[in-house]
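Student: Here it is, the structure in full.
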Amino acid sequence: MPEGPSLVILREQAAGFAGQTIVRAEGNTSADKKRLEGQRIVAVRTWGKHFLVELPHFALRIHFLLFGSYRVNERKDHSPPRLSLQCDSGDELNFYTCSVKFIDEPLDAVYDWQADVMSDAWNPALALKRLRAAPDTLACDALLDQDVFAGVGNIIKNEVLYRIRVHPLSTVGALPAAQLRALVAQARQYSFDFLAWKKDFVLKQHWLAHRQSVCRRCDLPLTKATLGKTRRQSYFCSHCQRLYSDAPRAAAPGG
DNA sequence: GAAAATGTTATCAT
DNA sequence: TATGATAACATTTT
């Protein structure tokens with residue numbers, strides 16, 4: 001469930017919890033649940049893959065990592081919740097297999113909302129600037145960098161690179177300006193496509209690269225490989241996706 | 001039933 | 001000390 005668009009769906013489902021007061025907090029988290037009881041929820045927010053429950057003097061941060069899940073006004077049958085928030089109205093939010101943390105600083109001091117691809121505050125010019133500051137970064141790693149593209153995960157990474165026909169091992173600095181702009185634009189555009197498709201339960205059928213075996217453009221088999229510093233699976237067409245890379249420079253003679 | 005997977009962080013090694 | 005690779009964690013689907 002963890003990419004940014006999925007968190008937006010959770011935020012929308014949980015919007016009605018704003019204004020409610022937490023009367024009971026249970027679960028197997030080691031976090032101090034008592035601290036949550038009696039707190040009035042100021043807002044439910046997201047930043048990238050983070051789900052934030054803003055309280056008057058601190059915030060609760062839920063991160064679902066790879067396997068996390070949640071239920072709104074329901075419970076899973078078998079697994080115990082990591083954290084269950086029960087409100088005065090009887091509504092409850094249940095989180096499973098997730099990371100639970102408290103944030104004691106103001107959220108605006110912790111989060112750069114302009115880096116969140118799902119946010120109204122998303123700033124593509126800032127993403128471009130950050131990419132240009134690290135020209136040796138591989139495209140497959142750049143898209144997963146949460147400081148640049150908060151909310152982008154492995155699915156979005158693979159689909160964006162396929163869309164813009166860029167090989168995952170291309171370096172950011174070697175991309176023509178138009179391709180770099182397209183990478184930034186599609187990181188956001190695909191994320192919103194993802195959101196719409198996920199809401200309609202048709203996300204997977206729109207995958208063109210991720211976990212696919214054949215390129216729908218040229219009919220050649222797609223390549224699957226663990227690439228980059230992030231060591232995540234890339235799915236790509238080595239025929240349709242162009243590799244942009246600076247030629248390795250020979251060492252300067254004489255030292 | 002093994003393997004892989006929408007991810008991050010702690011730990012070890014250099 | 002800082003950087004980078006590896007391990008650890010944990011659940012559902014293929």
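For the structure tokens, the naming scheme is as follows: chains receive sequential letters (A, B, ...) according to their order of presentation, residues are indexed from 1 within each chain, and ligands are indexed from 1 in presentation order.
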Please return as a ChimeraX atom specification: the residues of segment 7-230 of chain A that backbone DSSP assigns to strand (DSSP E or B).
Tutor: /A:21-26,40,43-47,50-54,59-63,69-72,83-87,92-96,99-103,116,138,150,166,171,214,221,223-227
Student: Those residues you just picked out, can you put them in a file as an mmCIF file, in the first residue's frame with C-alpha atoms?
Tutor:
data_model
loop_
_atom_site.group_PDB
_atom_site.id
_atom_site.type_symbol
_atom_site.label_atom_id
_atom_site.label_comp_id
_atom_site.auth_asym_id
_atom_site.auth_seq_id
_atom_site.Cartn_x
_atom_site.Cartn_y
_atom_site.Cartn_z
ATOM 1 C CA THR A 21 -10.946 13.269 20.181
ATOM 2 C CA ILE A 22 -8.971 10.079 20.701
ATOM 3 C CA VAL A 23 -10.453 8.331 23.734
ATOM 4 C CA ARG A 24 -8.456 5.134 23.552
ATOM 5 C CA ALA A 25 -5.227 4.008 21.868
ATOM 6 C CA GLU A 26 -4.352 0.302 21.760
ATOM 7 C CA ARG A 40 -8.076 16.177 19.806
ATOM 8 C CA ALA A 43 -5.868 17.436 11.025
ATOM 9 C CA VAL A 44 -4.921 14.314 9.102
ATOM 10 C CA ARG A 45 -2.166 15.016 6.600
ATOM 11 C CA THR A 46 0.308 13.229 4.370
ATOM 12 C CA TRP A 47 3.823 13.876 3.178
ATOM 13 C CA HIS A 50 4.062 9.417 5.666
ATOM 14 C CA PHE A 51 0.593 9.534 7.229
ATOM 15 C CA LEU A 52 0.408 12.287 9.820
ATOM 16 C CA VAL A 53 -2.152 12.762 12.567
ATOM 17 C CA GLU A 54 -1.682 16.311 13.745
ATOM 18 C CA ALA A 59 1.985 14.713 15.670
ATOM 19 C CA LEU A 60 1.702 10.974 15.141
ATOM 20 C CA ARG A 61 3.592 9.616 12.147
ATOM 21 C CA ILE A 62 2.647 6.306 10.554
ATOM 22 C CA HIS A 63 4.917 4.778 7.910
ATOM 23 C CA SER A 69 -1.968 -1.799 5.984
ATOM 24 C CA TYR A 70 -4.885 -0.024 7.612
ATOM 25 C CA ARG A 71 -8.625 -0.249 8.184
ATOM 26 C CA VAL A 72 -11.074 2.593 8.812
ATOM 27 C CA LEU A 83 -1.962 0.924 16.678
ATOM 28 C CA SER A 84 -5.713 1.406 17.039
ATOM 29 C CA LEU A 85 -7.085 4.924 17.540
ATOM 30 C CA GLN A 86 -10.601 4.980 18.949
ATOM 31 C CA CYS A 87 -12.438 8.284 18.945
ATOM 32 C CA GLU A 92 -11.654 4.053 14.752
ATOM 33 C CA LEU A 93 -8.479 3.962 12.706
ATOM 34 C CA ASN A 94 -6.460 0.742 12.773
ATOM 35 C CA PHE A 95 -2.890 0.445 11.531
ATOM 36 C CA TYR A 96 -1.035 -2.836 10.970
ATOM 37 C CA SER A 99 6.278 2.201 11.949
ATOM 38 C CA VAL A 100 4.808 4.468 14.637
ATOM 39 C CA LYS A 101 6.609 7.634 15.717
ATOM 40 C CA PHE A 102 5.831 10.886 17.429
ATOM 41 C CA ILE A 103 7.005 14.156 15.937
ATOM 42 C CA ASP A 116 5.706 15.883 -2.099
ATOM 43 C CA LEU A 138 21.168 7.266 -11.793
ATOM 44 C CA ALA A 150 8.488 12.299 -1.780
ATOM 45 C CA VAL A 166 14.638 6.722 -20.445
ATOM 46 C CA THR A 171 22.536 9.588 -15.255
ATOM 47 C CA VAL A 214 6.892 -7.832 -22.794
ATOM 48 C CA PRO A 221 10.966 -8.881 -23.788
ATOM 49 C CA THR A 223 14.526 -6.575 -18.796
ATOM 50 C CA LYS A 224 14.262 -7.077 -15.061
ATOM 51 C CA ALA A 225 17.281 -6.138 -12.982
ATOM 52 C CA THR A 226 18.242 -4.931 -9.524
ATOM 53 C CA LEU A 227 19.803 -1.561 -10.206
#
Student: Neighbouring residues of segment 119-130 of chain A were defined as those with any atom within 8 Å, considering only C-alpha atoms (C1' of nucleotides); residues of the same chain fewer than 5 positions away were excluded. Please report them as an MDAnalysis selection string.
Tutor: chainID A and resid 47 113:114 148:149 180:181 184:185
Student: What's the separation between atom CA of Asn73 of chain A and atom CA of Asp88 of chain A, in Å to one decimal place?
Tutor: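 Distance between the two atoms: 12.8 Å.
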Student: Select all residues from chain C having any atom no more than 10 Å from an atom of chain A (counting only C-alpha atoms (C1' of nucleotides), ignoring ligands), output as a list in words.
Tutor: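 Matching residues, ligands excluded from the count: DG4, DA5, DC9, DA10, DT11 and DT12 of chain C.
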Student: Name all residues at most 12 Å from Arg216 of chain A (count only C-alpha atoms (C1' of nucleotides); drop same-chain ones fewer than 4 positions away) and give them as a list in words.
Tutor: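 Contacts, with the query itself left out: Tyr162, Arg163, His206, Trp207, Leu208, Ala209, Gln212, Leu220, Pro221, Leu222, Phe236, Cys237, His239 and Cys240 of chain A.
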Student: Please write the residues from the selection above to a file, keeping N, CA and C atoms, as a PDB file, in the first residue's frame.
Tutor:
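Done, and the output landed in again-v8.pdb:
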ATOM      1  N   TYR A 162       9.563   4.258 -18.156  1.00  0.00           N
ATOM      2  CA  TYR A 162       9.031   3.657 -19.386  1.00  0.00           C
ATOM      3  C   TYR A 162       8.301   4.717 -20.220  1.00  0.00           C
ATOM      4  N   ARG A 163       7.501   5.514 -19.540  1.00  0.00           N
ATOM      5  CA  ARG A 163       6.739   6.563 -20.227  1.00  0.00           C
ATOM      6  C   ARG A 163       7.622   7.533 -20.979  1.00  0.00           C
ATOM      7  N   HIS A 206      -3.079  -1.134 -15.756  1.00  0.00           N
ATOM      8  CA  HIS A 206      -2.442  -0.062 -16.516  1.00  0.00           C
ATOM      9  C   HIS A 206      -0.921  -0.124 -16.477  1.00  0.00           C
ATOM     10  N   TRP A 207      -0.374  -1.072 -15.742  1.00  0.00           N
ATOM     11  CA  TRP A 207       1.081  -1.169 -15.711  1.00  0.00           C
ATOM     12  C   TRP A 207       1.614  -1.562 -17.089  1.00  0.00           C
ATOM     13  N   LEU A 208       2.582  -0.793 -17.568  1.00  0.00           N
ATOM     14  CA  LEU A 208       3.190  -1.095 -18.865  1.00  0.00           C
ATOM     15  C   LEU A 208       4.587  -1.688 -18.681  1.00  0.00           C
ATOM     16  N   ALA A 209       5.212  -1.405 -17.545  1.00  0.00           N
ATOM     17  CA  ALA A 209       6.575  -1.887 -17.309  1.00  0.00           C
ATOM     18  C   ALA A 209       6.655  -2.720 -16.028  1.00  0.00           C
ATOM     19  N   GLN A 212       6.019  -6.439 -15.690  1.00  0.00           N
ATOM     20  CA  GLN A 212       5.570  -6.913 -16.990  1.00  0.00           C
ATOM     21  C   GLN A 212       6.711  -7.668 -17.665  1.00  0.00           C
ATOM     22  N   LEU A 220       9.347  -6.731 -27.776  1.00  0.00           N
ATOM     23  CA  LEU A 220      10.523  -7.426 -27.266  1.00  0.00           C
ATOM     24  C   LEU A 220      10.370  -7.640 -25.760  1.00  0.00           C
ATOM     25  N   PRO A 221      11.069  -8.639 -25.229  1.00  0.00           N
ATOM     26  CA  PRO A 221      10.966  -8.881 -23.788  1.00  0.00           C
ATOM     27  C   PRO A 221      11.535  -7.721 -22.976  1.00  0.00           C
ATOM     28  N   LEU A 222      10.900  -7.425 -21.864  1.00  0.00           N
ATOM     29  CA  LEU A 222      11.417  -6.413 -20.951  1.00  0.00           C
ATOM     30  C   LEU A 222      12.538  -7.012 -20.120  1.00  0.00           C
ATOM     31  N   PHE A 236      12.364  -2.667 -17.590  1.00  0.00           N
ATOM     32  CA  PHE A 236      12.525  -1.680 -18.664  1.00  0.00           C
ATOM     33  C   PHE A 236      12.754  -2.368 -19.994  1.00  0.00           C
ATOM     34  N   CYS A 237      12.560  -1.590 -21.067  1.00  0.00           N
ATOM     35  CA  CYS A 237      12.800  -2.081 -22.417  1.00  0.00           C
ATOM     36  C   CYS A 237      14.119  -1.495 -22.896  1.00  0.00           C
ATOM     37  N   HIS A 239      15.306  -1.677 -25.669  1.00  0.00           N
ATOM     38  CA  HIS A 239      15.186  -1.203 -27.044  1.00  0.00           C
ATOM     39  C   HIS A 239      14.528   0.174 -27.107  1.00  0.00           C
ATOM     40  N   CYS A 240      13.479   0.358 -26.315  1.00  0.00           N
ATOM     41  CA  CYS A 240      12.707   1.617 -26.379  1.00  0.00           C
ATOM     42  C   CYS A 240      13.191   2.679 -25.393  1.00  0.00           C
TER      43      CYS A 240
END
Student: Write down, as a list in words, each residue of chain B that has any atom within 12 Å of an atom of chain A, counting only C-alpha atoms (C1' of nucleotides).
Tutor: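 Selected residues: DA4, DA5, DT6, DG7, DT8 and DT9 of chain B.
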Student: Could you give me, as an MDAnalysis selection string, each residue of segment 3-195 of chain A that DSSP assigns to alpha helix (DSSP H) when run on this structure's backbone?
Tutor: chainID A and resid 4:13 107:110 124:132 139:142 154:163 177:195
Student: Between atom CA of Gln39 of chain A and atom CA of Arg11 of chain A, what distance in Å does the model show, to one decimal?
Tutor: 18.6 Å
